[in-house]
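Chemist: Okay, so here is query.cif, and as you'll see once you scroll down, it has mmCIF, C-alpha atoms.
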```
data_final
#
loop_
_atom_site.label_atom_id
_atom_site.label_comp_id
_atom_site.auth_asym_id
_atom_site.auth_seq_id
_atom_site.Cartn_x
_atom_site.Cartn_y
_atom_site.Cartn_z
CA MET A 403 -29.63 90.81 83.50
CA LYS A 404 -26.13 89.67 84.38
CA THR A 405 -27.36 88.24 87.68
CA THR A 406 -30.13 86.29 85.95
CA LEU A 407 -27.63 84.85 83.48
CA LEU A 408 -25.32 83.80 86.31
CA VAL A 409 -28.19 82.16 88.19
CA VAL A 410 -29.28 80.24 85.09
CA LEU A 411 -25.70 79.19 84.36
CA ALA A 412 -25.13 78.06 87.96
CA ALA A 413 -28.41 76.15 87.98
CA SER A 414 -27.49 74.36 84.76
CA LEU A 415 -24.17 73.30 86.25
CA PHE A 416 -25.78 71.85 89.37
CA ALA A 417 -28.89 70.36 87.76
CA PRO A 418 -27.22 67.23 86.36
CA SER A 419 -25.78 66.57 89.79
CA ALA A 420 -29.22 66.90 91.36
CA PHE A 421 -30.75 64.57 88.77
CA GLY A 422 -27.94 62.09 89.34
CA GLN A 423 -28.60 62.15 93.07
CA ILE A 424 -32.30 61.55 92.49
CA ALA A 425 -31.55 58.62 90.17
CA GLU A 426 -29.10 57.16 92.70
CA ARG A 427 -31.68 57.50 95.48
CA GLU A 428 -34.37 55.81 93.36
CA LEU A 429 -31.99 52.96 92.55
CA ALA A 430 -31.14 52.59 96.23
CA ASP A 431 -34.86 52.61 97.10
CA ARG A 432 -35.56 49.93 94.48
CA THR A 433 -32.68 47.82 95.72
CA ALA A 434 -33.88 48.12 99.30
CA LEU A 435 -37.42 47.20 98.29
CA ALA A 436 -36.19 44.17 96.33
CA ARG A 437 -34.15 43.05 99.32
CA GLN A 438 -37.10 43.56 101.66
CA LEU A 439 -39.50 41.56 99.49
CA SER A 440 -36.98 38.75 99.02
CA ASP A 441 -36.22 38.73 102.74
CA GLU A 442 -39.94 38.42 103.51
CA PHE A 443 -40.11 35.27 101.39
CA LEU A 444 -36.95 33.90 103.00
CA SER A 445 -38.29 34.46 106.49
CA ARG A 446 -41.65 32.97 105.51
CA THR A 447 -39.80 29.94 104.16
CA ALA A 448 -37.84 29.55 107.39
CA ARG A 449 -41.04 29.87 109.47
CA ILE A 450 -42.78 27.19 107.43
CA LYS A 451 -39.86 24.81 107.82
CA ALA A 452 -39.66 25.44 111.57
CA THR A 453 -43.41 24.96 111.97
CA LEU A 454 -43.36 21.62 110.14
CA LYS A 455 -40.59 20.08 112.28
CA LEU A 456 -39.43 17.90 109.39
CA THR A 457 -37.88 14.49 109.81
CA PRO A 458 -34.58 13.86 108.00
CA GLU A 459 -36.46 11.96 105.28
CA GLN A 460 -38.93 14.83 104.80
CA ALA A 461 -36.11 17.39 104.78
CA LYS A 462 -34.78 15.85 101.56
CA SER A 463 -37.97 16.91 99.75
CA TRP A 464 -37.91 20.31 101.46
CA SER A 465 -34.84 21.57 99.59
CA ASP A 466 -36.56 21.41 96.16
CA PHE A 467 -39.54 23.29 97.54
CA GLU A 468 -37.29 25.86 99.21
CA VAL A 469 -35.42 26.59 95.96
CA ILE A 470 -38.72 27.33 94.22
CA LEU A 471 -39.89 29.59 97.06
CA VAL A 472 -36.66 31.60 97.02
CA ASP A 473 -36.87 31.95 93.24
CA ILE A 474 -40.49 33.08 93.46
CA GLY A 475 -39.57 35.64 96.11
CA ARG A 476 -36.81 37.08 93.93
CA THR A 477 -39.01 37.14 90.82
CA ARG A 478 -41.85 38.75 92.72
CA ALA A 479 -39.56 41.50 93.98
CA GLU A 480 -38.34 42.19 90.45
CA ARG A 481 -41.92 42.29 89.16
CA VAL A 482 -43.10 44.73 91.81
CA ILE A 483 -40.19 47.06 91.12
CA ALA A 484 -40.68 46.89 87.36
CA LEU A 485 -44.35 47.73 87.77
CA ARG A 486 -43.60 50.71 90.00
CA VAL A 487 -40.93 52.00 87.62
CA SER A 488 -43.19 51.68 84.59
CA ARG A 489 -45.97 53.56 86.37
CA ARG A 490 -43.62 56.47 87.14
CA LYS A 491 -42.17 56.71 83.65
CA ARG A 492 -45.17 57.88 81.69
CA PRO A 493 -48.85 58.63 81.81
CA VAL A 494 -51.12 55.63 82.06
CA ASP A 495 -52.11 54.12 78.73
CA ALA A 496 -55.16 51.95 79.40
CA VAL A 497 -54.39 49.38 76.71
CA GLU A 498 -50.75 49.08 77.73
CA GLN A 499 -51.73 48.76 81.38
CA ILE A 500 -54.17 45.95 80.59
CA ARG A 501 -51.45 44.13 78.65
CA THR A 502 -48.95 44.61 81.47
CA GLU A 503 -51.43 43.28 84.02
CA SER A 504 -52.12 40.33 81.73
CA ASP A 505 -48.39 39.56 81.56
CA PHE A 506 -48.13 39.77 85.34
CA THR A 507 -51.15 37.50 85.74
CA GLN A 508 -49.53 34.92 83.48
CA GLU A 509 -46.28 35.14 85.45
CA ARG A 510 -48.12 34.69 88.74
CA ALA A 511 -50.01 31.70 87.34
CA SER A 512 -46.73 30.15 86.26
CA GLU A 513 -45.27 30.73 89.72
CA GLN A 514 -48.29 29.13 91.37
CA ARG A 515 -47.93 26.11 89.09
CA LYS A 516 -44.23 25.81 90.03
CA LEU A 517 -45.15 26.16 93.68
CA ALA A 518 -47.76 23.40 93.46
CA ASP A 519 -45.40 21.11 91.53
CA ALA A 520 -42.63 21.62 94.11
CA ALA A 521 -44.99 21.21 97.07
CA GLU A 522 -46.61 17.97 95.92
CA PRO A 523 -43.70 15.57 96.67
CA LEU A 524 -43.13 17.17 100.07
CA LEU A 525 -46.83 17.10 100.92
CA ALA A 526 -46.92 13.37 100.19
CA LYS A 527 -44.25 12.74 102.85
CA LEU A 528 -45.88 14.78 105.62
CA ASN A 529 -48.12 13.39 108.34
CA ASP A 530 -51.72 14.64 108.67
CA GLN A 531 -50.91 17.44 111.11
CA GLN A 532 -47.97 18.64 109.01
CA GLN A 533 -50.10 18.48 105.86
CA ARG A 534 -52.72 20.71 107.43
CA ARG A 535 -50.13 23.31 108.49
CA PHE A 536 -48.32 23.13 105.18
CA SER A 537 -51.55 23.52 103.20
CA GLU A 538 -52.47 26.63 105.20
CA GLN A 539 -49.08 28.12 104.40
CA LEU A 540 -49.38 27.23 100.71
CA PHE A 541 -52.73 29.00 100.49
CA ALA A 542 -51.22 32.07 102.16
CA ILE A 543 -48.32 32.11 99.71
CA SER A 544 -50.68 31.68 96.78
CA ARG A 545 -52.80 34.61 97.96
CA ALA A 546 -49.67 36.73 98.41
CA LEU A 547 -48.59 35.97 94.85
CA GLY A 548 -51.90 37.33 93.63
CA SER A 549 -51.48 40.62 95.46
CA ASP A 550 -48.59 42.19 93.54
#
```
Here is the file; what I need is its structure written in the form of structure tokens.
Modeler:
Amino acid sequence: MKTTLLVVLAASLFAPSAFGQIAERELADRTALARQLSDEFLSRTARIKATLKLTPEQAKSWSDFEVILVDIGRTRAERVIALRVSRRKRPVDAVEQIRTESDFTQERASEQRKLADAAEPLLAKLNDQQQRRFSEQLFAISRALGSD
């Protein structure tokens, strides 16, 4: 009986430490995932710019587009993490899940609108070949936004 009590007491002393370590690891995992998702958008942005071979005049319009892309990448990373965290917290409630997906759909639609609004002035300054390449990349980004 004494041994059992000692084991239970020892376990209770170490349990908060174990839970703290798990929480720290989950936070580190979330941070790493956010960084990875943001980095993917940053590298995609750099690839698009390199592919377009912008003139100095076109580069002026690029910066507005780039700011929007970076912001979308950051927001997307936050959204993916929030969704994963909410799914781990509790059992799935169908109504709540539908509402959450609706919110995410609205956010993605807003991002796509911002993307289109930022791309339009740049697209107008590109030559035909650049427009084709840029349009292909825009469609790819738009599809990626829909795949959270």
Chemist: Applying 10 Å and all atoms listed in the file, which residues near range 527-542 of chain A remain after dropping the ones on its own chain fewer than 3 positions away? List them as a PDB file with C-alpha atoms, in the coordinates of the input.
Modeler:
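Done, and the output landed in part25.pdb:
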```
ATOM      1  CA  ARG A 446     -41.650  32.970 105.510  1.00  0.00           C
ATOM      2  CA  THR A 447     -39.800  29.940 104.160  1.00  0.00           C
ATOM      3  CA  ARG A 449     -41.040  29.870 109.470  1.00  0.00           C
ATOM      4  CA  ILE A 450     -42.780  27.190 107.430  1.00  0.00           C
ATOM      5  CA  LYS A 451     -39.860  24.810 107.820  1.00  0.00           C
ATOM      6  CA  THR A 453     -43.410  24.960 111.970  1.00  0.00           C
ATOM      7  CA  LEU A 454     -43.360  21.620 110.140  1.00  0.00           C
ATOM      8  CA  LYS A 455     -40.590  20.080 112.280  1.00  0.00           C
ATOM      9  CA  LEU A 456     -39.430  17.900 109.390  1.00  0.00           C
ATOM     10  CA  THR A 457     -37.880  14.490 109.810  1.00  0.00           C
ATOM     11  CA  GLU A 459     -36.460  11.960 105.280  1.00  0.00           C
ATOM     12  CA  GLN A 460     -38.930  14.830 104.800  1.00  0.00           C
ATOM     13  CA  ALA A 461     -36.110  17.390 104.780  1.00  0.00           C
ATOM     14  CA  SER A 463     -37.970  16.910  99.750  1.00  0.00           C
ATOM     15  CA  TRP A 464     -37.910  20.310 101.460  1.00  0.00           C
ATOM     16  CA  GLN A 514     -48.290  29.130  91.370  1.00  0.00           C
ATOM     17  CA  LEU A 517     -45.150  26.160  93.680  1.00  0.00           C
ATOM     18  CA  ALA A 518     -47.760  23.400  93.460  1.00  0.00           C
ATOM     19  CA  ALA A 521     -44.990  21.210  97.070  1.00  0.00           C
ATOM     20  CA  GLU A 522     -46.610  17.970  95.920  1.00  0.00           C
ATOM     21  CA  PRO A 523     -43.700  15.570  96.670  1.00  0.00           C
ATOM     22  CA  LEU A 524     -43.130  17.170 100.070  1.00  0.00           C
ATOM     23  CA  ARG A 545     -52.800  34.610  97.960  1.00  0.00           C
ATOM     24  CA  ALA A 546     -49.670  36.730  98.410  1.00  0.00           C
ATOM     25  CA  LEU A 547     -48.590  35.970  94.850  1.00  0.00           C
TER      26      LEU A 547
END
```
Chemist: May I have the protein, DNA and RNA residues with an atom at most 12 Å from (-48.3, 27.6, 89.0), counting all atoms listed in the file in the file's coordinates, returned as a PyMOL selection string?
Modeler: chain A and resi 470-471+474+507-522+540+543-544+547-548
Chemist: Suppose a student applies the PyMOL selection byres ((chain A and resi 479) around 9) to this structure; what residues should they get, written as an mmCIF file with C-alpha atoms, in the frame of the given file?
Modeler:
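Listed below is the output, expr27.cif:
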```
data_model
loop_
_atom_site.group_PDB
_atom_site.id
_atom_site.type_symbol
_atom_site.label_atom_id
_atom_site.label_comp_id
_atom_site.auth_asym_id
_atom_site.auth_seq_id
_atom_site.Cartn_x
_atom_site.Cartn_y
_atom_site.Cartn_z
ATOM 1 C CA LEU A 435 -37.420 47.200 98.290
ATOM 2 C CA ALA A 436 -36.190 44.170 96.330
ATOM 3 C CA ARG A 437 -34.150 43.050 99.320
ATOM 4 C CA GLN A 438 -37.100 43.560 101.660
ATOM 5 C CA LEU A 439 -39.500 41.560 99.490
ATOM 6 C CA SER A 440 -36.980 38.750 99.020
ATOM 7 C CA ILE A 474 -40.490 33.080 93.460
ATOM 8 C CA GLY A 475 -39.570 35.640 96.110
ATOM 9 C CA ARG A 476 -36.810 37.080 93.930
ATOM 10 C CA THR A 477 -39.010 37.140 90.820
ATOM 11 C CA ARG A 478 -41.850 38.750 92.720
ATOM 12 C CA GLU A 480 -38.340 42.190 90.450
ATOM 13 C CA ARG A 481 -41.920 42.290 89.160
ATOM 14 C CA VAL A 482 -43.100 44.730 91.810
ATOM 15 C CA ILE A 483 -40.190 47.060 91.120
ATOM 16 C CA ALA A 484 -40.680 46.890 87.360
#
```
Chemist: Between CA of Phe467 in chain A and CA of Thr433 in chain A, what is the distance, to one decimal in Å?
Modeler: 25.5 Å
Chemist: Please measure the separation of CA of Arg427 in chain A and CA of Ile500 in chain A, giving the value in Å to one decimal.
Modeler: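 Atom-to-atom, CA of Arg427 in chain A and CA of Ile500 in chain A are spaced 29.3 Å apart.
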Chemist: Figure out the distance between CA of Leu444 in chain A and CA of Glu468 in chain A, please, to one decimal in Å.
Modeler: 8.9 Å
